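J.: I'm passing along structure14.pdb; it holds PDB, C-alpha atoms, pLDDT in the B column.
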```pdb
ATOM      1  CA  MET A  13      -0.700 -27.396  -8.962  1.00 45.00           C
ATOM      2  CA  SER A  14       0.901 -24.098  -7.931  1.00 59.00           C
ATOM      3  CA  LEU A  15      -0.363 -20.848  -9.398  1.00 61.00           C
ATOM      4  CA  GLU A  16       2.948 -20.334 -11.187  1.00 58.00           C
ATOM      5  CA  LYS A  17       2.818 -23.798 -12.810  1.00 60.00           C
ATOM      6  CA  TYR A  18      -0.831 -23.233 -13.769  1.00 57.00           C
ATOM      7  CA  ILE A  19       0.041 -19.954 -15.432  1.00 59.00           C
ATOM      8  CA  ARG A  20       3.052 -21.450 -17.201  1.00 57.00           C
ATOM      9  CA  ASN A  21       0.924 -24.350 -18.513  1.00 57.00           C
ATOM     10  CA  LYS A  22      -1.632 -21.860 -19.824  1.00 60.00           C
ATOM     11  CA  LYS A  23       1.200 -20.169 -21.748  1.00 59.00           C
ATOM     12  CA  VAL A  24       0.206 -16.725 -20.548  1.00 67.00           C
ATOM     13  CA  ASN A  25       2.291 -13.637 -21.169  1.00 86.00           C
ATOM     14  CA  HIS A  26       5.426 -14.046 -19.071  1.00 90.00           C
ATOM     15  CA  PHE A  27       8.535 -11.904 -18.940  1.00 94.00           C
ATOM     16  CA  THR A  28      11.256 -10.827 -16.519  1.00 95.00           C
ATOM     17  CA  ILE A  29      12.345  -7.281 -15.623  1.00 96.00           C
ATOM     18  CA  SER A  30      15.275  -6.655 -13.262  1.00 95.00           C
ATOM     19  CA  GLY A  31      15.013 -10.203 -11.957  1.00 95.00           C
ATOM     20  CA  ILE A  32      11.275  -9.940 -11.208  1.00 96.00           C
ATOM     21  CA  GLU A  33       9.089 -12.478 -12.988  1.00 95.00           C
ATOM     22  CA  VAL A  34       5.866 -11.031 -14.355  1.00 96.00           C
ATOM     23  CA  PHE A  35       2.891 -13.225 -15.264  1.00 94.00           C
ATOM     24  CA  VAL A  36      -0.093 -11.693 -17.056  1.00 95.00           C
ATOM     25  CA  LYS A  37      -2.928 -14.145 -16.443  1.00 93.00           C
ATOM     26  CA  ASP A  38      -5.681 -11.869 -17.790  1.00 93.00           C
ATOM     27  CA  GLU A  39      -5.194  -9.085 -20.285  1.00 92.00           C
ATOM     28  CA  ILE A  40      -5.404  -5.492 -19.079  1.00 93.00           C
ATOM     29  CA  THR A  41      -8.861  -4.006 -19.681  1.00 92.00           C
ATOM     30  CA  SER A  42      -7.476  -0.707 -21.032  1.00 91.00           C
ATOM     31  CA  GLN A  43      -5.577  -0.558 -24.309  1.00 90.00           C
ATOM     32  CA  ASP A  44      -3.708   2.450 -22.920  1.00 91.00           C
ATOM     33  CA  VAL A  45      -1.970   0.353 -20.261  1.00 94.00           C
ATOM     34  CA  SER A  46       1.179  -1.655 -20.978  1.00 95.00           C
ATOM     35  CA  VAL A  47       2.130  -4.030 -18.172  1.00 96.00           C
ATOM     36  CA  ARG A  48       5.740  -4.059 -19.318  1.00 95.00           C
ATOM     37  CA  SER A  49       5.848  -0.254 -19.239  1.00 96.00           C
ATOM     38  CA  VAL A  50       4.256  -0.193 -15.765  1.00 97.00           C
ATOM     39  CA  ILE A  51       6.736  -2.664 -14.258  1.00 97.00           C
ATOM     40  CA  GLN A  52       9.661  -0.898 -15.886  1.00 97.00           C
ATOM     41  CA  ASN A  53       8.489   2.382 -14.371  1.00 97.00           C
ATOM     42  CA  VAL A  54       8.230   0.775 -10.932  1.00 97.00           C
ATOM     43  CA  VAL A  55      11.766  -0.635 -11.018  1.00 97.00           C
ATOM     44  CA  ASP A  56      13.052   2.707 -12.294  1.00 96.00           C
ATOM     45  CA  ILE A  57      11.367   4.564  -9.418  1.00 96.00           C
ATOM     46  CA  ILE A  58      12.188   2.243  -6.503  1.00 97.00           C
ATOM     47  CA  PRO A  59      15.842   1.535  -5.613  1.00 96.00           C
ATOM     48  CA  ARG A  60      16.620  -2.071  -6.499  1.00 95.00           C
ATOM     49  CA  TYR A  61      17.635  -3.036  -2.961  1.00 95.00           C
ATOM     50  CA  LEU A  62      14.164  -2.042  -1.765  1.00 97.00           C
ATOM     51  CA  MET A  63      12.635  -4.356  -4.371  1.00 96.00           C
ATOM     52  CA  ARG A  64      14.587  -7.464  -3.381  1.00 95.00           C
ATOM     53  CA  ASN A  65      11.678  -8.947  -1.433  1.00 96.00           C
ATOM     54  CA  VAL A  66       9.512  -8.974  -4.576  1.00 97.00           C
ATOM     55  CA  GLU A  67      10.166 -12.076  -6.655  1.00 96.00           C
ATOM     56  CA  SER A  68       7.106 -12.062  -8.900  1.00 96.00           C
ATOM     57  CA  ILE A  69       4.138  -9.967  -9.993  1.00 97.00           C
ATOM     58  CA  TYR A  70       0.867 -11.538 -11.149  1.00 96.00           C
ATOM     59  CA  VAL A  71      -1.665  -9.566 -13.176  1.00 96.00           C
ATOM     60  CA  GLY A  72      -5.273 -10.682 -13.532  1.00 95.00           C
ATOM     61  CA  GLN A  73      -8.318 -11.827 -11.619  1.00 94.00           C
ATOM     62  CA  PHE A  74      -7.403 -13.666  -8.420  1.00 94.00           C
ATOM     63  CA  SER A  75      -9.424 -14.905  -5.464  1.00 92.00           C
ATOM     64  CA  ILE A  76      -7.004 -13.206  -3.080  1.00 89.00           C
ATOM     65  CA  LEU A  77      -8.075  -9.846  -4.539  1.00 91.00           C
ATOM     66  CA  LYS A  78     -11.781 -10.621  -4.821  1.00 87.00           C
ATOM     67  CA  ALA A  79     -11.998 -11.895  -1.240  1.00 80.00           C
ATOM     68  CA  ARG A  80     -10.746  -8.569   0.122  1.00 77.00           C
ATOM     69  CA  ASP A  81     -12.065  -6.324  -2.644  1.00 83.00           C
ATOM     70  CA  PHE A  82      -8.527  -5.003  -3.202  1.00 89.00           C
ATOM     71  CA  GLU A  83      -6.806  -3.689  -6.311  1.00 93.00           C
ATOM     72  CA  ALA A  84      -3.508  -5.280  -5.282  1.00 96.00           C
ATOM     73  CA  VAL A  85      -2.064  -7.467  -2.526  1.00 96.00           C
ATOM     74  CA  TYR A  86       1.451  -8.437  -1.434  1.00 97.00           C
ATOM     75  CA  GLU A  87       1.898 -11.986  -0.145  1.00 95.00           C
ATOM     76  CA  ASN A  88       4.841 -14.401   0.096  1.00 94.00           C
ATOM     77  CA  SER A  89       7.244 -12.311  -1.997  1.00 95.00           C
ATOM     78  CA  SER A  90       4.631 -11.860  -4.741  1.00 97.00           C
ATOM     79  CA  ILE A  91       2.388  -8.979  -5.747  1.00 97.00           C
ATOM     80  CA  PHE A  92      -1.044  -9.729  -7.170  1.00 97.00           C
ATOM     81  CA  VAL A  93      -2.623  -6.844  -9.053  1.00 97.00           C
ATOM     82  CA  THR A  94      -5.925  -6.630 -10.888  1.00 96.00           C
ATOM     83  CA  ASN A  95      -6.012  -6.389 -14.665  1.00 96.00           C
ATOM     84  CA  GLU A  96      -8.885  -3.899 -14.400  1.00 95.00           C
ATOM     85  CA  GLN A  97      -6.858  -0.735 -14.818  1.00 94.00           C
ATOM     86  CA  GLU A  98      -7.780   2.678 -16.195  1.00 92.00           C
ATOM     87  CA  SER A  99      -4.281   4.118 -16.512  1.00 95.00           C
ATOM     88  CA  GLU A 100      -0.639   3.192 -16.113  1.00 96.00           C
ATOM     89  CA  GLN A 101      -0.347   5.742 -13.304  1.00 95.00           C
ATOM     90  CA  ASP A 102      -3.046   3.961 -11.278  1.00 94.00           C
ATOM     91  CA  MET A 103      -1.364   0.608 -11.754  1.00 96.00           C
ATOM     92  CA  ILE A 104       2.051   2.005 -10.791  1.00 97.00           C
ATOM     93  CA  ASP A 105       0.469   3.440  -7.618  1.00 95.00           C
ATOM     94  CA  ASP A 106      -1.057   0.049  -6.762  1.00 96.00           C
ATOM     95  CA  ILE A 107       2.201  -1.832  -7.201  1.00 97.00           C
ATOM     96  CA  ILE A 108       4.367   0.668  -5.321  1.00 97.00           C
ATOM     97  CA  HIS A 109       1.942   0.526  -2.406  1.00 97.00           C
ATOM     98  CA  GLU A 110       2.422  -3.244  -2.249  1.00 97.00           C
ATOM     99  CA  VAL A 111       6.186  -2.897  -2.624  1.00 98.00           C
ATOM    100  CA  ALA A 112       5.959  -0.866   0.597  1.00 98.00           C
ATOM    101  CA  HIS A 113       4.527  -3.901   2.394  1.00 97.00           C
ATOM    102  CA  SER A 114       7.403  -6.027   1.097  1.00 97.00           C
ATOM    103  CA  VAL A 115       9.828  -3.403   2.433  1.00 97.00           C
ATOM    104  CA  GLU A 116       8.195  -3.673   5.863  1.00 95.00           C
ATOM    105  CA  GLU A 117       9.202  -7.325   6.029  1.00 94.00           C
ATOM    106  CA  LEU A 118      12.831  -6.442   5.353  1.00 94.00           C
ATOM    107  CA  TYR A 119      13.078  -3.379   7.575  1.00 96.00           C
ATOM    108  CA  ALA A 120      10.496  -3.940  10.338  1.00 96.00           C
ATOM    109  CA  GLN A 121      13.124  -3.573  13.053  1.00 95.00           C
ATOM    110  CA  MET A 122      14.386  -0.258  11.727  1.00 95.00           C
ATOM    111  CA  LEU A 123      10.917   1.089  10.984  1.00 96.00           C
ATOM    112  CA  TYR A 124       9.081   0.179  14.154  1.00 97.00           C
ATOM    113  CA  SER A 125      11.378  -0.927  16.984  1.00 96.00           C
ATOM    114  CA  ASP A 126      11.787   2.559  18.498  1.00 96.00           C
ATOM    115  CA  GLY A 127       8.012   3.109  18.460  1.00 97.00           C
ATOM    116  CA  LYS A 128       8.266   6.584  16.923  1.00 97.00           C
ATOM    117  CA  VAL A 129       6.154   5.929  13.834  1.00 98.00           C
ATOM    118  CA  GLU A 130       3.572   4.066  15.910  1.00 97.00           C
ATOM    119  CA  GLN A 131       3.377   6.948  18.391  1.00 98.00           C
ATOM    120  CA  GLU A 132       2.865   9.394  15.543  1.00 98.00           C
ATOM    121  CA  PHE A 133       0.198   7.181  13.999  1.00 97.00           C
ATOM    122  CA  LEU A 134      -1.724   6.706  17.265  1.00 97.00           C
ATOM    123  CA  ALA A 135      -1.613  10.449  18.018  1.00 97.00           C
ATOM    124  CA  LYS A 136      -3.273  10.971  14.651  1.00 96.00           C
ATOM    125  CA  ARG A 137      -5.839   8.271  15.411  1.00 95.00           C
ATOM    126  CA  LYS A 138      -6.713  10.131  18.629  1.00 95.00           C
ATOM    127  CA  ASN A 139      -7.069  13.372  16.653  1.00 95.00           C
ATOM    128  CA  LEU A 140      -9.382  11.559  14.271  1.00 94.00           C
ATOM    129  CA  TRP A 141     -11.428  10.247  17.215  1.00 94.00           C
ATOM    130  CA  THR A 142     -11.791  13.833  18.488  1.00 94.00           C
ATOM    131  CA  SER A 143     -12.784  15.073  15.031  1.00 93.00           C
ATOM    132  CA  LEU A 144     -15.428  12.349  14.748  1.00 93.00           C
ATOM    133  CA  ARG A 145     -16.888  13.381  18.104  1.00 93.00           C
ATOM    134  CA  THR A 146     -17.256  16.972  16.879  1.00 92.00           C
ATOM    135  CA  GLN A 147     -19.415  15.520  14.091  1.00 91.00           C
ATOM    136  CA  GLY A 148     -21.548  13.651  16.613  1.00 91.00           C
ATOM    137  CA  ILE A 149     -19.971  10.330  15.683  1.00 91.00           C
ATOM    138  CA  ASN A 150     -18.957   8.253  18.685  1.00 88.00           C
ATOM    139  CA  MET A 151     -16.736   5.212  18.765  1.00 86.00           C
ATOM    140  CA  ASP A 152     -14.752   3.293  21.345  1.00 88.00           C
ATOM    141  CA  LEU A 153     -11.428   5.092  21.893  1.00 91.00           C
ATOM    142  CA  SER A 154      -9.679   1.765  22.520  1.00 91.00           C
ATOM    143  CA  LEU A 155     -10.571   0.727  18.970  1.00 89.00           C
ATOM    144  CA  CYS A 156      -8.894   3.886  17.692  1.00 91.00           C
ATOM    145  CA  LEU A 157      -5.773   3.237  19.732  1.00 93.00           C
ATOM    146  CA  ASP A 158      -5.082  -0.215  18.270  1.00 94.00           C
ATOM    147  CA  PRO A 159      -2.423   0.183  15.548  1.00 96.00           C
ATOM    148  CA  ASN A 160      -3.203  -3.165  13.918  1.00 94.00           C
ATOM    149  CA  TYR A 161      -5.715  -3.707  11.156  1.00 92.00           C
ATOM    150  CA  SER A 162      -9.242  -4.245  12.482  1.00 90.00           C
ATOM    151  CA  GLU A 163     -12.116  -5.222  10.231  1.00 88.00           C
ATOM    152  CA  GLU A 164     -14.480  -3.619  12.743  1.00 90.00           C
ATOM    153  CA  PHE A 165     -12.584  -0.322  12.598  1.00 91.00           C
ATOM    154  CA  ASP A 166     -12.296  -0.500   8.812  1.00 89.00           C
ATOM    155  CA  ASN A 167     -16.031  -1.108   8.396  1.00 88.00           C
ATOM    156  CA  PHE A 168     -16.780   1.741  10.784  1.00 89.00           C
ATOM    157  CA  LEU A 169     -14.633   4.219   8.845  1.00 87.00           C
ATOM    158  CA  TYR A 170     -15.744   3.357   5.351  1.00 84.00           C
ATOM    159  CA  GLY A 171     -19.255   2.141   6.164  1.00 84.00           C
ATOM    160  CA  GLU A 172     -20.587   4.392   8.906  1.00 86.00           C
ATOM    161  CA  VAL A 173     -18.391   7.475   8.512  1.00 90.00           C
ATOM    162  CA  GLY A 174     -18.034   7.274   4.738  1.00 88.00           C
ATOM    163  CA  TYR A 175     -15.033   8.079   2.570  1.00 86.00           C
ATOM    164  CA  GLN A 176     -16.164  11.607   1.696  1.00 90.00           C
ATOM    165  CA  LEU A 177     -16.461  12.801   5.299  1.00 92.00           C
ATOM    166  CA  LEU A 178     -13.385  10.811   6.307  1.00 91.00           C
ATOM    167  CA  SER A 179     -11.334  12.550   3.613  1.00 92.00           C
ATOM    168  CA  ILE A 180     -12.403  15.946   4.934  1.00 93.00           C
ATOM    169  CA  LEU A 181     -11.731  15.079   8.574  1.00 92.00           C
ATOM    170  CA  THR A 182      -8.304  13.585   7.863  1.00 92.00           C
ATOM    171  CA  SER A 183      -7.063  16.211   5.399  1.00 92.00           C
ATOM    172  CA  ASN A 184      -4.918  17.895   8.065  1.00 93.00           C
ATOM    173  CA  ILE A 185      -4.058  14.677   9.911  1.00 95.00           C
ATOM    174  CA  TYR A 186      -2.984  12.081   7.342  1.00 94.00           C
ATOM    175  CA  HIS A 187      -1.529  12.376   3.870  1.00 93.00           C
ATOM    176  CA  SER A 188      -4.573  10.438   2.662  1.00 92.00           C
ATOM    177  CA  ALA A 189      -7.634   9.002   4.373  1.00 92.00           C
ATOM    178  CA  TYR A 190      -6.530   5.418   3.694  1.00 92.00           C
ATOM    179  CA  ALA A 191      -3.500   5.944   5.940  1.00 95.00           C
ATOM    180  CA  ALA A 192      -5.852   5.886   8.939  1.00 94.00           C
ATOM    181  CA  THR A 193      -6.631   2.194   8.329  1.00 93.00           C
ATOM    182  CA  SER A 194      -3.687   0.739  10.286  1.00 95.00           C
ATOM    183  CA  LEU A 195      -0.036   1.346  11.135  1.00 97.00           C
ATOM    184  CA  ARG A 196       1.049  -0.796   8.181  1.00 96.00           C
ATOM    185  CA  GLU A 197      -1.145   1.168   5.790  1.00 96.00           C
ATOM    186  CA  TYR A 198       0.134   4.404   7.326  1.00 97.00           C
ATOM    187  CA  PHE A 199       3.655   3.401   6.320  1.00 98.00           C
ATOM    188  CA  ALA A 200       2.638   2.091   2.891  1.00 97.00           C
ATOM    189  CA  ASP A 201       0.636   5.233   2.121  1.00 96.00           C
ATOM    190  CA  GLY A 202       3.606   7.428   3.000  1.00 97.00           C
ATOM    191  CA  PHE A 203       6.028   5.233   1.032  1.00 97.00           C
ATOM    192  CA  GLU A 204       3.759   5.421  -2.005  1.00 96.00           C
ATOM    193  CA  ALA A 205       3.376   9.208  -1.699  1.00 96.00           C
ATOM    194  CA  PHE A 206       7.144   9.662  -1.362  1.00 96.00           C
ATOM    195  CA  PHE A 207       8.159   7.582  -4.378  1.00 96.00           C
ATOM    196  CA  MET A 208       5.291   8.824  -6.522  1.00 94.00           C
ATOM    197  CA  GLU A 209       6.371  12.371  -5.545  1.00 90.00           C
ATOM    198  CA  ASP A 210       2.835  13.148  -4.423  1.00 84.00           C
ATOM    199  CA  ASP A 211       3.227  16.448  -2.533  1.00 87.00           C
ATOM    200  CA  ILE A 212       6.280  15.374  -0.540  1.00 94.00           C
ATOM    201  CA  PRO A 213       6.447  18.681   1.424  1.00 94.00           C
ATOM    202  CA  ARG A 214       2.929  17.953   2.730  1.00 94.00           C
ATOM    203  CA  LEU A 215       3.944  14.412   3.697  1.00 95.00           C
ATOM    204  CA  LYS A 216       6.987  15.783   5.536  1.00 96.00           C
ATOM    205  CA  SER A 217       4.885  18.397   7.330  1.00 96.00           C
ATOM    206  CA  LEU A 218       2.021  16.088   8.350  1.00 96.00           C
ATOM    207  CA  CYS A 219       4.026  12.943   9.073  1.00 97.00           C
ATOM    208  CA  PRO A 220       7.566  14.001  10.069  1.00 97.00           C
ATOM    209  CA  LYS A 221       8.530  10.779  11.873  1.00 98.00           C
ATOM    210  CA  LEU A 222       7.249   8.612   9.043  1.00 98.00           C
ATOM    211  CA  TYR A 223       9.014  10.836   6.510  1.00 97.00           C
ATOM    212  CA  LYS A 224      12.289  10.518   8.433  1.00 97.00           C
ATOM    213  CA  LYS A 225      11.995   6.721   8.429  1.00 97.00           C
ATOM    214  CA  ILE A 226      11.473   6.668   4.660  1.00 97.00           C
ATOM    215  CA  ILE A 227      14.545   8.854   4.221  1.00 96.00           C
ATOM    216  CA  SER A 228      16.444   6.407   6.458  1.00 95.00           C
ATOM    217  CA  LEU A 229      15.580   3.617   4.025  1.00 95.00           C
ATOM    218  CA  LEU A 230      17.488   5.505   1.342  1.00 92.00           C
ATOM    219  CA  GLU A 231      20.536   5.775   3.579  1.00 84.00           C
ATOM    220  CA  ASN A 232      20.940   2.023   4.075  1.00 66.00           C
TER     221      ASN A 232
END
```
What is this file in structure tokens?

T.:
Amino acid sequence: MSLEKYIRNKKVNHFTISGIEVFVKDEITSQDVSVRSVIQNVVDIIPRYLMRNVESIYVGQFSILKARDFEAVYENSSIFVTNEQESEQDMIDDIIHEVAHSVEELYAQMLYSDGKVEQEFLAKRKNLWTSLRTQGINMDLSLCLDPNYSEEFDNFLYGEVGYQLLSILTSNIYHSAYAATSLREYFADGFEAFFMEDDIPRLKSLCPKLYKKIISLLEN
């Protein structure tokens, strides 16, 4: 039985906003968070044509989230987001970040074919590598210069380096420390910052090629 059929049979909260089906499998843990309000905010913030690769949003506890210890995941035109939310703002952030990954599928050619965003990202990775060395932290440069997600690199950053030090070292390199994770997360982090209006001048200053690509999305 598919997840959608399972949820329908359980008669969970189900509604549609702007053509996106929303299934609330498990109730939100905070009484201050309305799923309907969150989704409505998302579709009001993101231009509809950039949302066309999102067919459904599932809210609750899912193995796909637990396996990766993620708050939200985009997969096969669906967004899965945890019901453990402290505020509507946090949940909006989570969903918009995953919308960014759906946008990548639609606009991969435009975003990455000229290599400009990747070049910018890898230059920042090299700066991070240099910054780590000044702290006496050594790692294989080739690992830093791989734009794809690497569990080894991820574990190194958040396990050995630690988020606190990483945030300090990346403050003048990336818009946020999480953007260092991979090229895809670099784009998604910038997309989220842009549409959440999170210090856009700083995003433009730190990540000019990424910023220009996001602007290009609005010109399509």

J.: Spell out the residues picked by the PyMOL selection byres ((chain A and resi 226) around 10) here, as a count of residues only.

T.: 17

J.: At what distance in Å, to one decimal, does atom CA of Val71 of chain A lie from atom CA of Asn95 of chain A?

T.: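 Taking atom CA of Asn95 of chain A as the start and atom CA of Val71 of chain A as the end point, the length is 5.6 Å.
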
J.: Using all atoms listed in the file, pick whichever of A:Val173, A:Asn65, A:Ile57, A:Ser75 has the shortest atom-to-atom distance to Glu116 of chain A.

T.: A:Asn65

J.: Hey, which bits of segment 174-194 of chain A sit within 10 Å of segment 134-156 of chain A, and for each residue what's the closest pair of atoms and how far apart in Å (one decimal), counting all atoms listed in the file, rows by chain and increasing number, as a Markdown table?

T.:
```
| residue | atom | partner | partner_atom | distance |
| --- | --- | --- | --- | --- |
| A:Leu177 | CA | A:Leu144 | CA | 9.5 |
| A:Leu178 | CA | A:Leu144 | CA | 8.8 |
| A:Leu181 | CA | A:Ser143 | CA | 6.5 |
| A:Thr182 | CA | A:Leu140 | CA | 6.8 |
| A:Asn184 | CA | A:Lys136 | CA | 9.7 |
| A:Ile185 | CA | A:Lys136 | CA | 6.1 |
| A:Tyr186 | CA | A:Lys136 | CA | 7.4 |
| A:Ala192 | CA | A:Arg137 | CA | 6.9 |
| A:Thr193 | CA | A:Arg137 | CA | 9.4 |
| A:Ser194 | CA | A:Arg137 | CA | 9.4 |
```

J.: I'd like to know which of A:Ser99, A:Tyr198, A:Val54, A:Leu77 is closest to Thr41 of chain A, using all atoms listed in the file.

T.: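 Under the stated criterion, the closest residue is A:Ser99.
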
J.: Counting all atoms listed in the file, figure out which residue out of A:Ile51, A:Glu132, A:Glu83, A:Tyr70 gets nearest to Gln97 of chain A.

T.: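 Closest to Gln97 of chain A of all the choices is A:Glu83.
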
J.: As a list in words, please: the residues near Ile69 of chain A (cut-off 8 Å, only C-alpha atoms, same-chain neighbours under 4 positions excluded).

T.: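 Contacts, with the query itself left out: Ile32, Glu33, Val34, Phe35, Ser90, Ile91, Phe92 and Val93 of chain A.
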
J.: Could you check how far atom CA of Ile107 of chain A sits from atom CA of Asp44 of chain A, in Å to one decimal?

T.: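 Separating atom CA of Ile107 of chain A from atom CA of Asp44 of chain A is a distance of 17.3 Å.
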
J.: Could you tell me how far atom CA of Ser89 of chain A lies from atom CA of Val50 of chain A, in Å and to one decimal?

T.: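 Value for the atom CA of Ser89 of chain A-atom CA of Val50 of chain A distance: 18.6 Å.
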
J.: Expanded to explicit residues, what is the PyMOL selection byres ((chain A and resi 100) around 9) for this file, as a list in words?

T.: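 Against this file, the PyMOL selection byres ((chain A and resi 100) around 9) returns the residues Asp44, Val45, Ser46, Val47, Ser49, Val50, Gln97, Glu98, Ser99, Gln101, Asp102, Met103, Ile104 and Asp105 of chain A.
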
J.: Output C-alpha atoms for every residue in that selection, as a PDB file, in the frame of the given file.

T.:
```
ATOM      1  CA  ASP A  44      -3.708   2.450 -22.920  1.00 91.00           C
ATOM      2  CA  VAL A  45      -1.970   0.353 -20.261  1.00 94.00           C
ATOM      3  CA  SER A  46       1.179  -1.655 -20.978  1.00 95.00           C
ATOM      4  CA  VAL A  47       2.130  -4.030 -18.172  1.00 96.00           C
ATOM      5  CA  SER A  49       5.848  -0.254 -19.239  1.00 96.00           C
ATOM      6  CA  VAL A  50       4.256  -0.193 -15.765  1.00 97.00           C
ATOM      7  CA  GLN A  97      -6.858  -0.735 -14.818  1.00 94.00           C
ATOM      8  CA  GLU A  98      -7.780   2.678 -16.195  1.00 92.00           C
ATOM      9  CA  SER A  99      -4.281   4.118 -16.512  1.00 95.00           C
ATOM     10  CA  GLN A 101      -0.347   5.742 -13.304  1.00 95.00           C
ATOM     11  CA  ASP A 102      -3.046   3.961 -11.278  1.00 94.00           C
ATOM     12  CA  MET A 103      -1.364   0.608 -11.754  1.00 96.00           C
ATOM     13  CA  ILE A 104       2.051   2.005 -10.791  1.00 97.00           C
ATOM     14  CA  ASP A 105       0.469   3.440  -7.618  1.00 95.00           C
TER      15      ASP A 105
END
```

J.: Box for segment 72-88 of chain A: with edges along x, y and z, all listed atoms inside and 5 Å added on each side, what are the centre and edge lengths in Å to one decimal, as AutoDock Vina command-line options?

T.:
```
--center_x -3.6 --center_y -9.3 --center_z -6.7 --size_x 26.9 --size_y 21.2 --size_z 23.7
```

J.: Using all atoms listed in the file, which of the listed residues (A:Phe74, A:Ala205, A:Ser188, A:Arg64) sits closest to Lys37 of chain A?

T.: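 Using all atoms listed in the file, the shortest distance to Lys37 of chain A belongs to A:Phe74.
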